[in-house]
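The file my_file_13.cif comes next; it holds mmCIF, C-alpha atoms and all ligand atoms.
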```
data_start
#
loop_
_atom_site.label_atom_id
_atom_site.label_comp_id
_atom_site.auth_asym_id
_atom_site.auth_seq_id
_atom_site.Cartn_x
_atom_site.Cartn_y
_atom_site.Cartn_z
CA MET A 1 131.78 -37.33 -63.28
CA LYS A 2 129.03 -39.69 -62.10
CA VAL A 3 125.54 -38.23 -62.44
CA LEU A 4 122.30 -39.35 -60.79
CA VAL A 5 119.01 -38.18 -62.33
CA ILE A 6 115.80 -38.34 -60.27
CA GLY A 7 112.49 -38.90 -62.07
CA SER A 8 110.85 -41.15 -64.62
CA GLY A 9 109.36 -39.06 -67.43
CA ALA A 10 110.27 -38.10 -70.99
CA ARG A 11 111.94 -35.01 -69.48
CA GLU A 12 114.29 -37.25 -67.51
CA HIS A 13 114.89 -39.38 -70.60
CA ALA A 14 115.80 -36.20 -72.51
CA LEU A 15 118.10 -35.12 -69.65
CA CYS A 16 119.75 -38.56 -69.57
CA ARG A 17 120.17 -38.51 -73.34
CA ALA A 18 121.90 -35.11 -73.25
CA LEU A 19 124.04 -36.15 -70.27
CA SER A 20 125.02 -39.41 -72.00
CA LEU A 21 126.38 -37.33 -74.90
CA ASP A 22 128.56 -35.26 -72.54
CA PRO A 23 132.14 -36.62 -72.54
CA HIS A 24 132.59 -35.54 -68.90
CA VAL A 25 129.90 -37.94 -67.73
CA THR A 26 131.56 -41.25 -66.85
CA ALA A 27 128.50 -43.01 -65.41
CA LEU A 28 124.80 -42.27 -65.53
CA HIS A 29 122.27 -43.43 -62.95
CA CYS A 30 118.55 -42.79 -62.66
CA ALA A 31 115.91 -43.39 -59.98
CA PRO A 32 113.35 -44.68 -60.60
CA GLY A 33 113.56 -44.26 -64.42
CA ASN A 34 111.60 -46.09 -67.10
CA ALA A 35 112.12 -48.65 -69.88
CA GLY A 36 113.74 -46.11 -72.23
CA ILE A 37 116.06 -44.55 -69.66
CA ALA A 38 117.24 -48.09 -68.80
CA GLN A 39 119.04 -48.13 -72.17
CA LEU A 40 121.21 -45.16 -71.11
CA ALA A 41 121.47 -45.32 -67.34
CA GLU A 42 121.56 -47.81 -64.52
CA LEU A 43 118.18 -47.72 -62.77
CA HIS A 44 117.64 -47.78 -59.01
CA PRO A 45 114.28 -48.52 -57.40
CA VAL A 46 114.45 -45.60 -54.98
CA ASP A 47 111.42 -43.48 -54.09
CA ALA A 48 112.00 -40.07 -55.74
CA LEU A 49 110.10 -38.34 -52.92
CA ASP A 50 112.33 -39.73 -50.17
CA GLY A 51 115.17 -37.20 -49.72
CA LYS A 52 117.15 -39.37 -47.29
CA ALA A 53 116.99 -42.37 -49.63
CA VAL A 54 118.02 -40.27 -52.64
CA ALA A 55 120.95 -38.73 -50.72
CA ALA A 56 122.04 -42.20 -49.51
CA LEU A 57 121.92 -43.56 -53.06
CA ALA A 58 123.97 -40.60 -54.34
CA GLU A 59 126.59 -41.18 -51.62
CA GLU A 60 126.74 -44.89 -52.31
CA LEU A 61 127.23 -44.24 -56.05
CA GLY A 62 129.84 -41.53 -55.48
CA ALA A 63 127.74 -39.15 -57.59
CA GLY A 64 129.36 -35.80 -58.38
CA LEU A 65 126.01 -34.30 -59.38
CA VAL A 66 122.36 -35.08 -58.68
CA VAL A 67 119.72 -33.66 -61.04
CA VAL A 68 116.16 -33.62 -59.67
CA GLY A 69 113.64 -33.59 -62.54
CA PRO A 70 110.05 -33.38 -61.26
CA GLU A 71 108.35 -30.84 -59.01
CA ALA A 72 107.05 -33.15 -56.29
CA PRO A 73 110.50 -34.21 -54.98
CA LEU A 74 111.70 -30.61 -55.17
CA VAL A 75 108.75 -29.33 -53.15
CA ALA A 76 109.35 -32.22 -50.73
CA GLY A 77 112.93 -30.96 -50.14
CA VAL A 78 114.87 -33.73 -51.91
CA ALA A 79 117.47 -31.23 -53.19
CA ASP A 80 118.00 -30.00 -49.59
CA ALA A 81 118.69 -33.55 -48.42
CA VAL A 82 121.23 -34.14 -51.20
CA ARG A 83 123.03 -30.85 -50.50
CA GLU A 84 123.08 -31.61 -46.77
CA ALA A 85 124.99 -34.77 -47.66
CA GLY A 86 127.59 -32.53 -49.34
CA ILE A 87 126.73 -33.54 -52.91
CA PRO A 88 126.15 -30.89 -55.61
CA CYS A 89 122.50 -30.87 -56.64
CA PHE A 90 120.74 -29.25 -59.59
CA GLY A 91 117.33 -28.20 -58.32
CA PRO A 92 115.94 -25.63 -55.88
CA SER A 93 115.42 -26.10 -52.15
CA GLY A 94 111.95 -26.99 -50.91
CA GLN A 95 111.48 -23.36 -49.81
CA ALA A 96 112.47 -21.99 -53.23
CA ALA A 97 110.37 -24.60 -55.08
CA ARG A 98 107.30 -22.93 -53.57
CA LEU A 99 107.49 -20.68 -56.64
CA GLU A 100 105.82 -23.66 -58.32
CA GLY A 101 104.29 -25.38 -55.29
CA SER A 102 102.03 -22.47 -54.38
CA LYS A 103 100.43 -20.17 -56.94
CA ALA A 104 99.68 -17.67 -54.15
CA PHE A 105 103.35 -17.59 -53.07
CA ALA A 106 104.45 -17.04 -56.69
CA LYS A 107 102.02 -14.12 -56.99
CA ASP A 108 103.46 -12.60 -53.82
CA VAL A 109 107.04 -12.86 -55.12
CA MET A 110 106.02 -11.36 -58.46
CA ALA A 111 104.28 -8.45 -56.77
CA ALA A 112 107.39 -7.75 -54.66
CA ALA A 113 109.71 -8.03 -57.67
CA GLY A 114 107.53 -5.92 -59.99
CA VAL A 115 107.12 -8.82 -62.42
CA PRO A 116 104.18 -8.42 -64.84
CA THR A 117 101.47 -11.05 -64.30
CA ALA A 118 97.67 -11.39 -64.36
CA ARG A 119 95.83 -9.48 -61.60
CA SER A 120 94.51 -12.02 -59.12
CA TYR A 121 92.77 -12.78 -55.84
CA VAL A 122 93.56 -15.62 -53.47
CA CYS A 123 90.24 -17.09 -52.26
CA THR A 124 89.53 -19.57 -49.47
CA THR A 125 85.70 -19.60 -49.48
CA PRO A 126 83.10 -20.01 -52.27
CA GLU A 127 81.83 -16.50 -51.48
CA GLU A 128 85.27 -14.94 -52.00
CA ALA A 129 85.70 -16.86 -55.24
CA GLU A 130 82.29 -15.70 -56.48
CA THR A 131 83.13 -12.05 -55.77
CA ALA A 132 86.46 -12.41 -57.62
CA LEU A 133 84.82 -14.15 -60.60
CA ASP A 134 82.27 -11.34 -60.84
CA ALA A 135 85.01 -8.72 -60.64
CA PHE A 136 86.99 -10.12 -63.60
CA GLY A 137 84.12 -11.44 -65.75
CA ALA A 138 84.43 -14.13 -68.46
CA PRO A 139 86.53 -15.95 -69.54
CA TYR A 140 87.08 -17.17 -65.98
CA VAL A 141 90.44 -18.47 -64.75
CA VAL A 142 90.46 -20.54 -61.53
CA LYS A 143 93.63 -22.21 -60.25
CA ASP A 144 94.06 -24.70 -57.45
CA ASP A 145 96.73 -23.18 -55.16
CA GLY A 146 98.78 -26.41 -54.84
CA LEU A 147 100.57 -28.80 -57.19
CA ALA A 148 98.18 -30.44 -59.67
CA ALA A 149 100.33 -31.81 -62.53
CA GLY A 150 99.05 -29.19 -64.97
CA LYS A 151 95.44 -30.17 -64.35
CA GLY A 152 94.46 -27.79 -61.53
CA VAL A 153 93.58 -24.89 -63.80
CA VAL A 154 90.14 -24.26 -65.27
CA VAL A 155 89.68 -21.62 -67.98
CA THR A 156 86.02 -21.35 -68.98
CA ASP A 157 83.20 -19.07 -70.08
CA ASP A 158 80.84 -21.07 -67.88
CA LEU A 159 80.37 -19.31 -64.52
CA GLU A 160 78.92 -22.42 -62.85
CA ALA A 161 81.92 -24.54 -63.95
CA ALA A 162 84.29 -21.86 -62.61
CA LYS A 163 82.44 -21.77 -59.26
CA GLY A 164 82.38 -25.58 -59.16
CA HIS A 165 86.16 -25.81 -59.55
CA ALA A 166 86.69 -23.15 -56.88
CA ALA A 167 84.41 -25.03 -54.47
CA ALA A 168 86.27 -28.31 -55.11
CA CYS A 169 89.64 -26.80 -54.05
CA GLU A 170 90.64 -25.60 -50.60
CA ARG A 171 92.37 -22.45 -51.74
CA VAL A 172 92.22 -21.02 -55.24
CA VAL A 173 93.71 -18.16 -57.20
CA VAL A 174 91.13 -16.42 -59.38
CA GLU A 175 92.73 -14.22 -62.00
CA GLU A 176 92.16 -12.11 -65.07
CA PHE A 177 92.21 -13.87 -68.43
CA LEU A 178 95.36 -13.33 -70.49
CA ASP A 179 94.97 -13.40 -74.26
CA GLY A 180 97.74 -14.03 -76.79
CA PRO A 181 100.12 -16.89 -77.56
CA GLU A 182 102.01 -18.71 -74.81
CA VAL A 183 105.77 -19.13 -74.60
CA SER A 184 107.82 -21.26 -72.22
CA LEU A 185 111.18 -19.76 -71.39
CA PHE A 186 113.57 -21.71 -69.17
CA ALA A 187 116.53 -20.23 -67.35
CA ILE A 188 119.33 -21.97 -65.52
CA THR A 189 120.38 -20.10 -62.41
CA ASP A 190 122.71 -20.50 -59.43
CA GLY A 191 120.67 -18.05 -57.39
CA GLU A 192 122.46 -15.01 -58.76
CA THR A 193 123.48 -15.38 -62.41
CA VAL A 194 120.61 -16.20 -64.77
CA LEU A 195 121.21 -17.97 -68.08
CA PRO A 196 118.13 -18.10 -70.32
CA LEU A 197 117.72 -21.07 -72.68
CA GLN A 198 115.94 -20.93 -76.06
CA PRO A 199 112.16 -20.35 -75.97
CA ALA A 200 109.70 -23.12 -76.80
CA GLN A 201 105.96 -23.49 -77.12
CA ASP A 202 103.93 -26.21 -75.47
CA PHE A 203 100.47 -27.53 -76.48
CA LYS A 204 98.50 -27.99 -73.28
CA ARG A 205 95.09 -29.07 -74.56
CA ALA A 206 94.39 -32.71 -75.35
CA LEU A 207 92.93 -32.24 -78.84
CA ASN A 208 93.81 -30.58 -82.14
CA GLY A 209 93.00 -26.90 -82.44
CA ASP A 210 93.55 -26.41 -78.68
CA GLU A 211 90.27 -28.14 -77.88
CA GLY A 212 89.53 -30.53 -75.02
CA PRO A 213 90.82 -30.65 -71.45
CA ASN A 214 94.17 -29.36 -70.15
CA THR A 215 96.94 -31.97 -69.97
CA GLY A 216 100.54 -32.06 -68.80
CA GLY A 217 101.48 -31.15 -72.41
CA MET A 218 100.86 -32.90 -75.75
CA GLY A 219 103.77 -31.57 -77.81
CA ALA A 220 106.24 -28.72 -78.23
CA TYR A 221 108.57 -27.00 -80.65
CA SER A 222 111.53 -24.65 -80.71
CA PRO A 223 112.54 -22.10 -81.98
CA LEU A 224 109.53 -19.79 -82.37
CA PRO A 225 109.81 -18.20 -85.84
CA TRP A 226 107.02 -15.76 -85.03
CA ALA A 227 108.51 -14.38 -81.81
CA GLU A 228 110.35 -11.06 -81.59
CA PRO A 229 114.13 -11.57 -81.42
CA LYS A 230 114.28 -9.35 -78.31
CA LEU A 231 111.86 -11.58 -76.38
CA VAL A 232 114.50 -13.51 -74.43
CA ASP A 233 116.42 -10.39 -73.35
CA GLU A 234 113.19 -8.67 -72.38
CA VAL A 235 111.99 -11.59 -70.25
CA LEU A 236 115.43 -11.91 -68.65
CA ALA A 237 115.32 -8.24 -67.63
CA THR A 238 111.66 -7.97 -66.59
CA VAL A 239 110.87 -11.45 -65.24
CA LEU A 240 113.72 -13.90 -64.65
CA GLN A 241 116.44 -11.74 -63.08
CA PRO A 242 114.04 -9.76 -60.81
CA THR A 243 112.47 -13.02 -59.58
CA VAL A 244 115.83 -14.63 -58.82
CA ASP A 245 116.96 -11.41 -57.07
CA GLU A 246 113.78 -11.30 -54.98
CA MET A 247 114.17 -14.95 -53.91
CA ARG A 248 117.75 -14.22 -52.81
CA ARG A 249 116.63 -11.11 -50.96
CA ARG A 250 114.11 -13.23 -49.02
CA GLY A 251 116.88 -15.56 -47.87
CA THR A 252 115.57 -18.46 -49.99
CA PRO A 253 117.78 -18.26 -53.09
CA PHE A 254 116.47 -20.14 -56.11
CA SER A 255 119.03 -22.32 -57.89
CA GLY A 256 118.19 -24.82 -60.60
CA LEU A 257 115.80 -24.29 -63.46
CA LEU A 258 113.34 -21.42 -63.39
CA TYR A 259 110.58 -21.96 -65.94
CA ALA A 260 108.52 -18.93 -66.91
CA GLY A 261 105.18 -19.74 -68.58
CA LEU A 262 104.38 -16.51 -70.42
CA ALA A 263 101.49 -15.00 -72.34
CA ILE A 264 102.43 -12.52 -75.07
CA THR A 265 99.39 -10.26 -74.67
CA SER A 266 98.41 -7.14 -76.55
CA ARG A 267 99.62 -5.20 -73.50
CA GLY A 268 102.98 -6.95 -73.29
CA VAL A 269 104.50 -10.06 -71.74
CA ARG A 270 102.78 -11.46 -68.63
CA VAL A 271 103.75 -14.42 -66.45
CA ILE A 272 101.08 -17.15 -66.37
CA GLU A 273 103.00 -19.34 -63.95
CA PHE A 274 106.43 -20.29 -62.69
CA ASN A 275 107.71 -23.82 -62.47
CA ALA A 276 110.76 -24.84 -60.51
CA ARG A 277 112.06 -27.46 -62.94
CA PHE A 278 112.51 -28.30 -66.60
CA GLY A 279 109.12 -28.35 -68.37
CA ASP A 280 107.79 -31.42 -70.11
CA PRO A 281 107.53 -31.64 -73.18
CA GLU A 282 109.47 -28.40 -73.87
CA THR A 283 112.70 -29.88 -72.45
CA GLN A 284 112.69 -32.47 -75.20
CA VAL A 285 112.95 -29.77 -77.91
CA VAL A 286 115.17 -27.32 -76.01
CA LEU A 287 117.79 -29.96 -75.19
CA ALA A 288 117.61 -31.29 -78.76
CA ARG A 289 119.03 -27.90 -79.83
CA LEU A 290 121.60 -27.34 -77.06
CA LYS A 291 125.16 -27.96 -78.28
CA THR A 292 127.03 -27.15 -75.05
CA PRO A 293 127.60 -30.35 -73.02
CA LEU A 294 124.88 -30.36 -70.36
CA ALA A 295 126.60 -31.72 -67.23
CA GLY A 296 129.00 -28.78 -66.93
CA VAL A 297 126.14 -26.29 -67.16
CA LEU A 298 124.06 -28.03 -64.49
CA LEU A 299 127.11 -28.43 -62.23
CA ALA A 300 127.96 -24.71 -62.57
CA ALA A 301 124.41 -23.90 -61.41
CA ALA A 302 124.71 -26.37 -58.53
CA ASP A 303 128.04 -25.00 -57.28
CA GLY A 304 127.40 -21.31 -57.89
CA THR A 305 129.85 -20.66 -60.76
CA LEU A 306 127.49 -19.87 -63.65
CA ALA A 307 129.05 -16.41 -64.09
CA ASP A 308 132.28 -18.11 -65.25
CA LEU A 309 130.60 -20.28 -67.88
CA ALA A 310 131.16 -19.60 -71.61
CA PRO A 311 127.97 -18.58 -73.48
CA LEU A 312 125.73 -21.52 -74.39
CA ARG A 313 125.95 -22.79 -77.98
CA TRP A 314 122.78 -23.62 -79.89
CA SER A 315 122.02 -25.56 -83.05
CA GLU A 316 120.36 -23.61 -85.87
CA GLU A 317 118.05 -26.59 -86.36
CA ALA A 318 114.42 -26.72 -85.32
CA ALA A 319 112.99 -29.40 -83.03
CA VAL A 320 109.47 -30.79 -82.62
CA THR A 321 108.16 -33.29 -80.11
CA VAL A 322 104.82 -35.13 -80.26
CA VAL A 323 103.41 -36.84 -77.17
CA LEU A 324 101.70 -40.20 -77.50
CA ALA A 325 99.14 -40.60 -74.70
CA SER A 326 97.23 -43.59 -73.36
CA HIS A 327 93.60 -44.30 -74.01
CA ASN A 328 91.46 -41.88 -71.95
CA TYR A 329 94.34 -39.54 -70.89
CA PRO A 330 94.09 -36.97 -69.22
CA GLY A 331 91.37 -38.99 -67.49
CA ALA A 332 92.43 -42.18 -65.67
CA PRO A 333 94.60 -43.81 -68.34
CA ARG A 334 94.50 -47.43 -69.44
CA THR A 335 97.91 -49.07 -68.89
CA GLY A 336 99.65 -52.39 -69.50
CA ASP A 337 99.17 -52.36 -73.30
CA PRO A 338 102.12 -53.43 -75.47
CA ILE A 339 103.93 -50.77 -77.51
CA THR A 340 105.37 -51.85 -80.88
CA GLY A 341 107.37 -50.13 -83.60
CA LEU A 342 110.07 -48.66 -81.35
CA ASP A 343 112.83 -50.67 -83.05
CA GLU A 344 111.65 -49.50 -86.47
CA VAL A 345 112.02 -45.86 -85.38
CA GLU A 346 115.53 -46.63 -84.11
CA ALA A 347 116.43 -48.42 -87.36
CA GLN A 348 114.89 -46.00 -89.84
CA ASP A 349 114.57 -42.55 -88.30
CA ALA A 350 117.58 -42.11 -86.01
CA PRO A 351 119.44 -39.89 -85.44
CA HIS A 352 117.01 -37.19 -86.62
CA ALA A 353 114.02 -38.69 -84.82
CA TYR A 354 114.00 -40.68 -81.61
CA VAL A 355 111.66 -41.86 -78.89
CA LEU A 356 111.83 -40.54 -75.33
CA HIS A 357 109.93 -42.70 -72.88
CA ALA A 358 107.57 -41.43 -70.17
CA GLY A 359 104.98 -43.91 -68.87
CA THR A 360 106.58 -47.16 -70.01
CA ARG A 361 107.92 -50.28 -68.35
CA ARG A 362 109.42 -53.53 -69.48
CA ASP A 363 107.27 -56.67 -69.29
CA GLY A 364 109.43 -59.61 -70.36
CA ASP A 365 110.56 -58.80 -73.89
CA ALA A 366 107.82 -56.25 -74.43
CA VAL A 367 107.63 -52.56 -73.56
CA VAL A 368 104.17 -51.76 -72.18
CA SER A 369 102.35 -48.54 -71.30
CA ALA A 370 102.51 -47.55 -67.63
CA GLY A 371 101.08 -44.02 -67.46
CA GLY A 372 99.06 -41.25 -69.11
CA ARG A 373 101.73 -39.72 -71.29
CA VAL A 374 103.56 -42.75 -72.69
CA LEU A 375 106.17 -41.48 -75.16
CA SER A 376 107.50 -38.28 -76.62
CA VAL A 377 108.67 -38.63 -80.21
CA THR A 378 111.27 -35.94 -80.86
CA ALA A 379 112.79 -34.89 -84.17
CA THR A 380 115.13 -32.23 -85.49
CA GLY A 381 115.31 -30.71 -88.97
CA GLU A 382 116.46 -27.75 -91.00
CA ASP A 383 113.20 -26.02 -90.16
CA LEU A 384 109.96 -26.81 -88.34
CA THR A 385 108.41 -28.36 -91.46
CA GLN A 386 111.18 -30.93 -91.76
CA ALA A 387 111.25 -31.57 -88.01
CA ARG A 388 107.45 -32.12 -88.02
CA ASP A 389 107.63 -34.47 -90.98
CA ARG A 390 110.29 -36.54 -89.29
CA ALA A 391 108.45 -36.61 -85.96
CA TYR A 392 105.14 -37.68 -87.49
CA THR A 393 106.82 -40.28 -89.74
CA ALA A 394 108.24 -41.85 -86.59
CA VAL A 395 104.93 -41.57 -84.70
CA ALA A 396 103.21 -43.47 -87.53
CA ARG A 397 105.53 -46.46 -86.98
CA ILE A 398 104.52 -46.83 -83.32
CA HIS A 399 101.47 -48.76 -82.25
CA LEU A 400 99.76 -48.65 -78.86
CA ASP A 401 96.15 -49.76 -78.69
CA GLY A 402 93.78 -46.87 -77.96
CA ALA A 403 96.59 -44.28 -77.91
CA HIS A 404 96.05 -40.74 -79.12
CA HIS A 405 98.22 -37.79 -80.13
CA ARG A 406 97.73 -34.36 -81.64
CA THR A 407 98.43 -34.01 -85.36
CA ASP A 408 98.83 -30.21 -85.32
CA ILE A 409 101.97 -29.74 -83.19
CA ALA A 410 103.97 -26.80 -84.67
CA LEU A 411 101.69 -26.78 -87.72
CA LYS A 412 100.89 -23.06 -87.64
CA ALA A 413 104.40 -22.11 -86.53
CA ALA A 414 105.87 -23.98 -89.51
CA SER A 415 104.25 -21.37 -91.74
CA GLY A 416 105.35 -18.49 -89.50
CA GLU A 417 102.03 -18.03 -87.68
CA GLN A 418 101.62 -17.83 -83.90
P1 LIG B 501 99.14 -23.06 -65.38
O1 LIG B 501 99.09 -24.38 -64.67
O2 LIG B 501 99.06 -21.89 -64.49
O3 LIG B 501 100.25 -23.02 -66.38
O4 LIG B 501 97.89 -23.01 -66.34
C1 LIG B 501 97.67 -24.02 -67.31
C2 LIG B 501 97.16 -23.38 -68.58
O5 LIG B 501 95.95 -22.66 -68.33
C3 LIG B 501 98.11 -22.34 -69.15
O6 LIG B 501 99.11 -22.88 -69.93
C4 LIG B 501 97.16 -21.50 -69.96
O7 LIG B 501 96.87 -22.11 -71.20
C5 LIG B 501 95.91 -21.51 -69.13
N1 LIG B 501 95.91 -20.30 -68.29
C6 LIG B 501 96.40 -20.18 -67.04
N2 LIG B 501 96.25 -18.93 -66.56
C7 LIG B 501 95.64 -18.23 -67.54
C8 LIG B 501 95.20 -16.86 -67.65
N3 LIG B 501 95.33 -15.99 -66.66
N4 LIG B 501 94.63 -16.49 -68.81
C9 LIG B 501 94.47 -17.37 -69.81
N5 LIG B 501 94.83 -18.65 -69.78
C10 LIG B 501 95.43 -19.10 -68.64
N1 LIG B 502 104.89 -28.08 -70.14
C1 LIG B 502 104.19 -27.81 -68.97
C2 LIG B 502 104.87 -28.19 -67.74
O1 LIG B 502 105.92 -28.80 -67.75
O2 LIG B 502 104.35 -27.85 -66.69
#
```
I'd like the structure from this file rewritten - as structure tokens, please.
Amino acid sequence: MKVLVIGSGAREHALCRALSLDPHVTALHCAPGNAGIAQLAELHPVDALDGKAVAALAEELGAGLVVVGPEAPLVAGVADAVREAGIPCFGPSGQAARLEGSKAFAKDVMAAAGVPTARSYVCTTPEEAETALDAFGAPYVVKDDGLAAGKGVVVTDDLEAAKGHAAACERVVVEEFLDGPEVSLFAITDGETVLPLQPAQDFKRALNGDEGPNTGGMGAYSPLPWAEPKLVDEVLATVLQPTVDEMRRRGTPFSGLLYAGLAITSRGVRVIEFNARFGDPETQVVLARLKTPLAGVLLAAADGTLADLAPLRWSEEAAVTVVLASHNYPGAPRTGDPITGLDEVEAQDAPHAYVLHAGTRRDGDAVVSAGGRVLSVTATGEDLTQARDRAYTAVARIHLDGAHHRTDIALKAASGEQ
């Protein structure tokens, strides 16, 4: 089967890596891709947001499956365009992707499906936001209603900062603060059958100790030694299946990847947010542990036959990924700097540790930075301690001027703490 992957991040590199290991995949294509993906797939300079262009490329290539990675093309209806061309597509319709594209829509679906989440108000004026902030008290949580690449959320004890963020957005969701550790649980679904993957934890803040601004994610690990074994079954029953059932009931079935961002609070599991696609960087660690060949699973979701699929097989190993970010990220990043040491990682750390590219591009013989999150160094090991050691050994070989990364990814979890 020929597979076309849409996107250009470390998530797409991880997807391409897993697909390249699947014996059923005869050719791998990616648009637009990056310098790392170019080693596994043929790249095509097609605009990921242009559904017609993506569908035309898939037809021209004779693709048997298109996998849409990022949220923006999904919300823009790229999966609809591919399906209209008669090609199986992994990824929800534009209507269904509103579960991620609008926080207010997601809250409405959760209310209808009885899914536990933070109490919230949708506000369109500064006065409404102020009333809602007063009602909940500190810490304040203010979310831009639309897509914001993980940066539209402000959590603060500072009332003025909370009001300021609300005033800067057209429509915001103000909600109660959820305490407790966060878990990302992904599920693959064809709109009816829901297949949960293994849970992971993501590190959203830029600096060690969960300090600094929110980012798109600075690292992740899986499994979660501290989590209750029943967590996945509980979330399937109380969150994932009811949400998928409600979307079907509304006539906008959700097929593709449903990502539940959860808080494990003292009062039970609560949904923080839904995403309509594989999360980044959690995908890097979840796919590192998946033993079932990926293409067949994604195709079964795309063509509605997930119920017939054998149970997924998982490695007992742990996986850790550490994101290397450009100077000044998550502010406007500096780009165009050369990245060295990638060959050393390949020569000395593979296959246990490897580099997944995000914001990179080729410049002559060099690989240079081209975005905020530049690379995701992923490693597996017998346990989190070994996986961390391998990941950080590889990170230390890589040089990018001004780059930064967190040094505490999976540190607490390696000793069994949350
Ligand atoms: P979101 O884009 O909704 O995932 O929010 C980004 C991050 O903000 C989450 O991963 C949490 O760390 C934090 N956050 C969002 N909503 C809440 C909440 N209600 N209570 C506490 N923290 C939150
Ligand atoms: N890991 C956060 C996200 O993908 O949105």
Within 10 Å of ligand LIG 502 (chain B) (counting all atoms listed in the file), which residues show up? I'd like them as an NGL selection string. :A and (11 or 70-71 or 100 or 148-151 or 184 or 200-204 or 215-220 or 259-261 or 273-283)
Compile the contact shell of A:Leu411 as a VMD selection string: residues with an atom at most 10 Å away, counting all atoms listed in the file, same-chain residues fewer than 6 positions apart removed. chain A and resid 221 384 to 385 388 417 to 418
7 Å shell around ligand LIG 501 (chain B) using all atoms listed in the file, listed as a ChimeraX atom specification: /A:118,141,143,150-155,175-179,204,214,261,272-273
Calculated over all atoms listed in the file, which of the candidates A:Tyr354, A:Phe90, A:Tyr329, A:Tyr140 has the smallest distance to A:Arg373?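 Closest residue, counting all atoms listed in the file: A:Tyr329.
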Shell around A:Val109 at 12 Å using only C-alpha atoms, local window under 5 positions removed, as a PyMOL selection string: chain A and resi 96+98-100+102-104+114-117+239-240+242-250+252+254+271+273-274
Selected residues, C-alpha atoms, written as a CSV table (one decimal), in the coordinates of the input, please.
```
chain,number,residue,atom,x,y,z
A,96,ALA,CA,112.5,-22.0,-53.2
A,98,ARG,CA,107.3,-22.9,-53.6
A,99,LEU,CA,107.5,-20.7,-56.6
A,100,GLU,CA,105.8,-23.7,-58.3
A,102,SER,CA,102.0,-22.5,-54.4
A,103,LYS,CA,100.4,-20.2,-56.9
A,104,ALA,CA,99.7,-17.7,-54.2
A,114,GLY,CA,107.5,-5.9,-60.0
A,115,VAL,CA,107.1,-8.8,-62.4
A,116,PRO,CA,104.2,-8.4,-64.8
A,117,THR,CA,101.5,-11.0,-64.3
A,239,VAL,CA,110.9,-11.4,-65.2
A,240,LEU,CA,113.7,-13.9,-64.6
A,242,PRO,CA,114.0,-9.8,-60.8
A,243,THR,CA,112.5,-13.0,-59.6
A,244,VAL,CA,115.8,-14.6,-58.8
A,245,ASP,CA,117.0,-11.4,-57.1
A,246,GLU,CA,113.8,-11.3,-55.0
A,247,MET,CA,114.2,-15.0,-53.9
A,248,ARG,CA,117.8,-14.2,-52.8
A,249,ARG,CA,116.6,-11.1,-51.0
A,250,ARG,CA,114.1,-13.2,-49.0
A,252,THR,CA,115.6,-18.5,-50.0
A,254,PHE,CA,116.5,-20.1,-56.1
A,271,VAL,CA,103.8,-14.4,-66.4
A,273,GLU,CA,103.0,-19.3,-64.0
A,274,PHE,CA,106.4,-20.3,-62.7
```
Between A:Leu312, A:Ala111, A:Ala129, A:Ile398, which one has atoms that come closest to A:Leu195, using only C-alpha atoms?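 Closest to A:Leu195, using only C-alpha atoms: A:Leu312.
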Just the number, please: distance in Å from atom CA of A:Val323 to atom CA of A:Ile6, one decimal.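 One can read the atom CA of A:Val323 to atom CA of A:Ile6 distance as 21.0 Å.
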Can you pull out the residues contacting A:Tyr392? Cut-off 8 Å, using only C-alpha atoms, and skip same-chain residues under 3 positions away; I want them as an NGL selection string. :A and (322 or 388-389 or 395-396 or 407)
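Distance check against A:Leu224 using all atoms listed in the file: of A:Ser415, A:Thr26, A:Thr380, A:Ser120, the minimum falls on A:Ser415.
Going from atom CA of A:Ala300 over to atom CA of A:Ser255, you cover 10.4 Å.
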